[in-house]
Structures are given as C-alpha cells and as structure tokens.
Amino acid sequence: MGLLFIQSLPGPKVFKCRCCRVDSAPHDAIVSKNFSGRYGPAYLINRVVNITMGPSEDRHLMTGWHTVNDIYCSCCQQLLGWKYEKAYDDSQKYKEGRFVLEKARVMKIG
C-alpha cells in the first residue's frame with residue numbers, strides 16, 4: 001500500500017464524511033436537495049472527492065431502473081451514497097455521472 005491522497009476543498013461550506021471528517025463535496029456542487037437514499041434524505045451532487053467506487057450494478061430505485069456504483073469514503077470506507085452511471089428512462093438522463101450523498105452519512109461544515 002502507498003500513501004493515501006486526501007484532497008481538501010476550499011470554501012466556507014463543505015460536506016464531510018460523518019465518521020472520519022474527510023472532505024467529500026463542496027456545498028456549491030448541489031444539484032438537488034430533494035432526493036431520498038437508503039437512510040433518508042439525500043443530495044444530488046455534481047462533484048465529489050476522496051471516494052472509492054464499488055462495482056456497477058443495476059438497481060430499481062424510486063424513479064426506475066439505473067446502473068449505479070456505491071461510493072465509499074476513501075479514508076474510512078464508510079458508505080456515502082452512489083453514482084449514477086446510466087439511466088434507462090429518458091426523463092432521468094440528467095442524473096448520469098452525478099452522485100447521491102446521504103445526509104445521514106455526511107455532515108455540513110460552515
């Protein structure tokens with residue numbers, strides 16, 4: 001194993017992993033606050049940092065079938081949410097390449 005590279009985010013408001021407090025996403029990357037995750041409310045985010053991704057899998061979510069990857073904190077491996085790889089419904093294509101962060105798994109600083 002090598003050294004773990006942790007990226008710090010600038011700005012007054014940053015989302016951090018609730019377990020180890022490593023930066024996860026800038027507050028200004030929020031696309032929508034009106035999402036639901038496995039553990040309750042969630043955010044749709046454009047950009048996240050300090051994550052690792054699990055394997056791709058097809059999942060039936062509230063808005064239909066999607067190909068997603070679970071995302072984990074690169075420091076403590078806590079599950080943070082998922083990344084949308086593919087949406088099968090044309091009305092859901094805007095989610096492709098974006099991330100869902102669960103409010104219960106992150107904390108907002110600032």
# chains A, B, ... in the order shown; residues from 1 in each chain; ligands from 1
$ select_by_dssp --residues "chain A" --states "helix (DSSP H, G or I)" --output "list in words"
His27, Asp28, Ala29, Asp90, Ser91, Gln92, Lys93, Tyr94, Lys95, Lys103, Ala104 and Arg105 of chain A
$ select_by_dssp --residues "chain A" --states "strand (DSSP E or B)" --output "PyMOL selection string"
chain A and resi 14-17+23-26+30-37+40-45+51-61+64-73+79-87+99-102+106-109
$ residues_around --residues "Asp70 of chain A" --least-positions-apart "6" --cutoff "12 Å" --atoms "only C-alpha atoms" --output "PyMOL selection string"
chain A and resi 37-38+51-59+77-85+98-102
$ closest_residue --among "A:Ala87, A:Ala104, A:Ile109, A:Leu4" --to "His60 of chain A" --atoms "only C-alpha atoms"
A:Ala87
$ residues_around --residues "Ser24 of chain A" --least-positions-apart "3" --cutoff "10 Å" --atoms "only C-alpha atoms" --output "ChimeraX atom specification"
/A:6-9,14-18,21,27,47-51,72-74,80,101,106-108
$ write_last_selection --atoms "N, CA, C and O atoms" --output "mmCIF file, in the first residue's frame"
data_model
loop_
_atom_site.group_PDB
_atom_site.id
_atom_site.type_symbol
_atom_site.label_atom_id
_atom_site.label_comp_id
_atom_site.auth_asym_id
_atom_site.auth_seq_id
_atom_site.Cartn_x
_atom_site.Cartn_y
_atom_site.Cartn_z
ATOM 1 N N ILE A 6 -5.468 12.656 0.154
ATOM 2 C CA ILE A 6 -6.724 13.261 0.579
ATOM 3 C C ILE A 6 -6.775 14.686 0.044
ATOM 4 O O ILE A 6 -5.884 15.479 0.292
ATOM 5 N N GLN A 7 -7.822 14.991 -0.700
ATOM 6 C CA GLN A 7 -7.995 16.322 -1.271
ATOM 7 C C GLN A 7 -8.810 17.185 -0.317
ATOM 8 O O GLN A 7 -9.867 16.774 0.152
ATOM 9 N N SER A 8 -8.322 18.374 -0.033
ATOM 10 C CA SER A 8 -9.059 19.333 0.792
ATOM 11 C C SER A 8 -9.802 20.290 -0.118
ATOM 12 O O SER A 8 -9.290 20.698 -1.155
ATOM 13 N N LEU A 9 -11.013 20.646 0.272
ATOM 14 C CA LEU A 9 -11.838 21.541 -0.533
ATOM 15 C C LEU A 9 -11.853 22.938 0.075
ATOM 16 O O LEU A 9 -11.991 23.091 1.289
ATOM 17 N N VAL A 14 -18.644 22.908 3.273
ATOM 18 C CA VAL A 14 -18.130 21.665 2.708
ATOM 19 C C VAL A 14 -18.835 20.498 3.380
ATOM 20 O O VAL A 14 -19.081 20.523 4.586
ATOM 21 N N PHE A 15 -19.170 19.474 2.597
ATOM 22 C CA PHE A 15 -19.682 18.233 3.164
ATOM 23 C C PHE A 15 -18.504 17.334 3.502
ATOM 24 O O PHE A 15 -17.572 17.203 2.716
ATOM 25 N N LYS A 16 -18.577 16.707 4.680
ATOM 26 C CA LYS A 16 -17.512 15.813 5.144
ATOM 27 C C LYS A 16 -18.104 14.475 5.560
ATOM 28 O O LYS A 16 -19.264 14.408 5.960
ATOM 29 N N CYS A 17 -17.290 13.431 5.475
ATOM 30 C CA CYS A 17 -17.695 12.109 5.961
ATOM 31 C C CYS A 17 -18.006 12.226 7.456
ATOM 32 O O CYS A 17 -17.237 12.810 8.217
ATOM 33 N N ARG A 18 -19.127 11.695 7.877
ATOM 34 C CA ARG A 18 -19.535 11.795 9.279
ATOM 35 C C ARG A 18 -18.613 10.998 10.204
ATOM 36 O O ARG A 18 -18.425 11.356 11.366
ATOM 37 N N ARG A 21 -14.476 12.646 9.007
ATOM 38 C CA ARG A 21 -14.453 14.089 8.727
ATOM 39 C C ARG A 21 -13.514 14.494 7.590
ATOM 40 O O ARG A 21 -12.981 15.589 7.581
ATOM 41 N N HIS A 27 -20.272 22.453 -1.098
ATOM 42 C CA HIS A 27 -21.699 22.755 -0.961
ATOM 43 C C HIS A 27 -22.279 23.303 -2.262
ATOM 44 O O HIS A 27 -23.435 23.050 -2.586
ATOM 45 N N ARG A 47 -20.141 16.865 -8.066
ATOM 46 C CA ARG A 47 -18.738 16.507 -7.905
ATOM 47 C C ARG A 47 -18.469 16.074 -6.470
ATOM 48 O O ARG A 47 -18.908 16.742 -5.532
ATOM 49 N N VAL A 48 -17.750 14.973 -6.317
ATOM 50 C CA VAL A 48 -17.310 14.525 -5.006
ATOM 51 C C VAL A 48 -15.815 14.212 -5.070
ATOM 52 O O VAL A 48 -15.267 13.967 -6.137
ATOM 53 N N VAL A 49 -15.178 14.219 -3.914
ATOM 54 C CA VAL A 49 -13.751 13.913 -3.815
ATOM 55 C C VAL A 49 -13.547 12.898 -2.704
ATOM 56 O O VAL A 49 -14.442 12.665 -1.884
ATOM 57 N N ASN A 50 -12.380 12.314 -2.675
ATOM 58 C CA ASN A 50 -11.976 11.385 -1.608
ATOM 59 C C ASN A 50 -12.931 10.201 -1.486
ATOM 60 O O ASN A 50 -13.355 9.843 -0.384
ATOM 61 N N ILE A 51 -13.260 9.606 -2.631
ATOM 62 C CA ILE A 51 -14.149 8.439 -2.622
ATOM 63 C C ILE A 51 -13.511 7.294 -3.388
ATOM 64 O O ILE A 51 -12.600 7.492 -4.187
ATOM 65 N N TYR A 72 -17.809 5.089 -1.507
ATOM 66 C CA TYR A 72 -17.320 4.937 -0.141
ATOM 67 C C TYR A 72 -16.271 6.006 0.138
ATOM 68 O O TYR A 72 -15.541 6.429 -0.764
ATOM 69 N N CYS A 73 -16.165 6.415 1.386
ATOM 70 C CA CYS A 73 -15.111 7.326 1.805
ATOM 71 C C CYS A 73 -13.767 6.625 1.588
ATOM 72 O O CYS A 73 -13.589 5.478 1.997
ATOM 73 N N SER A 74 -12.831 7.305 0.933
ATOM 74 C CA SER A 74 -11.542 6.678 0.653
ATOM 75 C C SER A 74 -10.691 6.517 1.908
ATOM 76 O O SER A 74 -9.761 5.725 1.931
ATOM 77 N N LEU A 80 -21.189 6.212 1.527
ATOM 78 C CA LEU A 80 -21.684 7.590 1.497
ATOM 79 C C LEU A 80 -22.900 7.758 0.603
ATOM 80 O O LEU A 80 -23.684 8.676 0.788
ATOM 81 N N LEU A 101 -25.366 11.799 -2.223
ATOM 82 C CA LEU A 101 -24.776 11.730 -0.882
ATOM 83 C C LEU A 101 -25.904 11.675 0.128
ATOM 84 O O LEU A 101 -26.793 12.524 0.123
ATOM 85 N N VAL A 106 -23.089 12.084 5.849
ATOM 86 C CA VAL A 106 -22.182 13.229 5.732
ATOM 87 C C VAL A 106 -22.634 14.324 6.684
ATOM 88 O O VAL A 106 -23.747 14.314 7.178
ATOM 89 N N MET A 107 -21.729 15.263 6.929
ATOM 90 C CA MET A 107 -22.062 16.425 7.749
ATOM 91 C C MET A 107 -21.640 17.680 7.004
ATOM 92 O O MET A 107 -20.661 17.669 6.272
ATOM 93 N N LYS A 108 -22.404 18.747 7.172
ATOM 94 C CA LYS A 108 -22.092 20.026 6.517
ATOM 95 C C LYS A 108 -21.352 20.902 7.513
ATOM 96 O O LYS A 108 -21.825 21.134 8.610
#
$ residues_around --residues "Ser36 of chain A" --least-positions-apart "2" --cutoff "10 Å" --atoms "only C-alpha atoms" --output "PyMOL selection string"
chain A and resi 33-34+38-44+61-62+100-103
$ closest_residue --among "A:Gly110, A:Thr63, A:Lys13, A:Val22" --to "Cys76 of chain A" --atoms "only C-alpha atoms"
A:Val22
$ residues_around --residues "Asp89 of chain A" --least-positions-apart "2" --cutoff "8 Å" --atoms "only C-alpha atoms" --output "VMD selection string"
chain A and resid 64 to 65 87 91 to 93
$ atom_distance --atom1 "atom CA of Ile45 of chain A" --atom2 "atom CA of Ile71 of chain A"
12.5 Å
